[in-house]
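I have placed the structure first, in the form of C-alpha cells, so that the comments after it can refer back to it.
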Amino acid sequence: MSYHLSQLGWDEHFASLYHRFDRADATPGRVLRTDRGVCTVLTTDGVTRATLGGSVMIDVARDPALMPCSGDWVVLRRWPDRRTTLELVLPRRTTLIRRTADKDASGQVLAANMNTVAVVEPIHPEPDDARVERLLALAWESGADPLLVLTKTDTTRDPAAIARQVAALAPGVPVLPVSVQRGAGLAELREHVGPGRTLALLGRSGAGKSTLANALAGATVMPVQAIRDADGKGRHTTAYRNLVVLPDGGAVIDTPGIRGVGLLDTEGGLERAFADVIDLAGSCRFDDCRHDTEPGCAVQAALADGSLPPRRLASWRKLRREVEVESGRRSARLSRSRRIPAPPSSRLL
Ligand SMILES: Nc1nc2c(ncn2[C@@H]2O[C@H](COP(=O)(O)OP(=O)(O)OP(=O)(O)O)[C@@H](O)[C@H]2O)c(=O)[nH]1
Ligand SMILES: [Zn+2]
C-alpha cells in the first residue's frame, strides 16, 4: 500500500529540494514524532523508525534547533543491514520555535512546516491574557497563519462575550470558539486543515489540544496505523501523539503542553502580534517616541481615549524587553561558538 505524501503537503518545492539526494537507497518522508533520537517517519511505503545519521548529529551539536521534529520533511537512507537513518532535514518552510530555559537562550523547535498555528486557550477558567499574547507572538513568528481557538465553550454561559474580549488581544487573528463536547466550531476549524495542509496546536497542558486533534481525526483509527509498516514487521501500535494524519488528508501537529514559553523573536513575530500598538506608534510625532510624555504621542492619545487598553502597551513593553535581554545573550553565545569552525553540511548521503 502506498501513501501519497502530497496529502500531507509534499509539493514541487520540497521535491526540488529533495532531488539532489534522490538515489536508490534514499527516500523522502515526514516526521510524525521523535523520541530521544529515534524518529518515527511516514514515507510512501508506510511508517518507519529511523535513527539520526552522523551529519544530522553534527548539525544538532552546532545548533539544537536543527534537531528533527514533528512535521519535518526529511531524507532517509536505508542500509544493507536494514537500518534506516535520517540523513537530512529539508529546509523548513515554517518553524514553531521557542527559547529554551537554558542560559544559552538557544531554540527548541516544537513543530515544522505547518500552514496554520492555532493558539489553544480554554475559555474556562478565564483565558490568561498574557499567555495568549505570548503564544500569538510565537505563532506569528513561525511564518504560518495564526488562529486563536477558545476551547470548552460548553463550560461557560456567554462564550461570545469572552471571545470578543480576547479578540482585542489578537489583532488580525481569527478567533474561533469551539466545544468538542457539543461539536461546536469544529466545521470552522476543519477549514484550516484538509488535503496538503497542516495545522499545529499550541497551548498549555490541559487546554484541550489532544481532544481537538482526536475530534479532527474523527475515527479512533488513524490511516497511519492501517498502513503497512515499511520495515515489514507488521503494524505499529504506538499512539502517534504528535503528527496526526487526518482521514481526508492534511495533518494536525499536537505540540506538548508547555508551561512557559520564551520568545526568540528573530522574525518580527512580536511586532505582528502587537500590530495595534505598532500602528499607533507609527503616527507619533517623533520617530523615536518613547510613548511616555512626548507631545504628539498617538499611543498616549489612544490610552487617553480608551481605544488602547493600558495592559496592551504594558505587555508589549514587557515582551520586547525580554526579547532584547535574551537576544543579547544569544549573540554572546554565537560569537563564542564562531571560534569553532562550522562543519560543511553538504557531504550528505
Ligand atoms: N467540557 C469540556 N471539556 C473538554 C473539552 N475539550 C477538552 N476537554 C477536557 O479538558 C481536559 C484536557 O484536555 P486535553 O485534550 O487532554 O488537553 P491537552 O491540551 O491535550 O493537554 P496536554 O496533553 O497535557 O498538553 C480533558 O479532561 C478533556 O476532556 C470540551 O470541549 N468541553
Ligand atoms: Zn508615542
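Ordering of the C-alpha cells sets the chain letters (A, B, ...), residue numbers begin anew at 1 in every chain, and ligands are numbered from 1 in the order given.
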
Within 6 Å of Gly203 (chain A), counting only C-alpha atoms, which residues show up once you throw out same-chain ones fewer than 2 positions away? Write them as a ChimeraX atom specification, please.
/A:119-120,257

Apply DSSP to the structure's backbone, then extract all residues of region 140-295 of chain A labelled strand (DSSP E or B) and return them as an MDAnalysis selection string.
chainID A and resid 145:151 175:177 179 184 198:202 243:245 251:254 262

Could you list, as an NGL selection string, every residue within 7 Å of Cys39 (chain A), counting only C-alpha atoms and ignoring same-chain residues fewer than 6 positions away?
:A and (31 or 33 or 49-51)

Mind dumping the selected residues with N, CA and C atoms as a JSON list (two decimals), in the first residue's frame?
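Result saved to result05.json:
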[["chain", "number", "residue", "atom", "x", "y", "z"],
["A", 31, "VAL", "N", 8.32, 13.52, 9.39],
["A", 31, "VAL", "CA", 8.49, 13.09, 10.78],
["A", 31, "VAL", "C", 7.15, 13.21, 11.51],
["A", 33, "ARG", "N", 6.87, 11.83, 14.83],
["A", 33, "ARG", "CA", 7.26, 12.14, 16.21],
["A", 33, "ARG", "C", 8.72, 11.79, 16.41],
["A", 49, "ARG", "N", 10.95, 3.64, 11.44],
["A", 49, "ARG", "CA", 11.68, 4.31, 12.50],
["A", 49, "ARG", "C", 13.11, 4.52, 12.04],
["A", 50, "ALA", "N", 13.65, 5.66, 12.35],
["A", 50, "ALA", "CA", 14.99, 5.99, 11.87],
["A", 50, "ALA", "C", 15.81, 6.62, 12.99],
["A", 51, "THR", "N", 17.08, 6.27, 13.03],
["A", 51, "THR", "CA", 17.98, 6.93, 13.97],
["A", 51, "THR", "C", 18.68, 8.08, 13.25]]

Grab the CA of Arg329 (chain A) to CA of Gly143 (chain A) distance for me, in Å with one decimal place.
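Computed distance, CA of Arg329 (chain A) to CA of Gly143 (chain A), equals 23.8 Å.
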
What residues have any atom no more than 7 Å from ligand 2 when counting only C-alpha atoms and all ligand atoms, and can you list them as JSON, numbers by chain?
{"A": [281, 284, 289, 290, 291, 292, 294, 297, 298, 299, 300]}
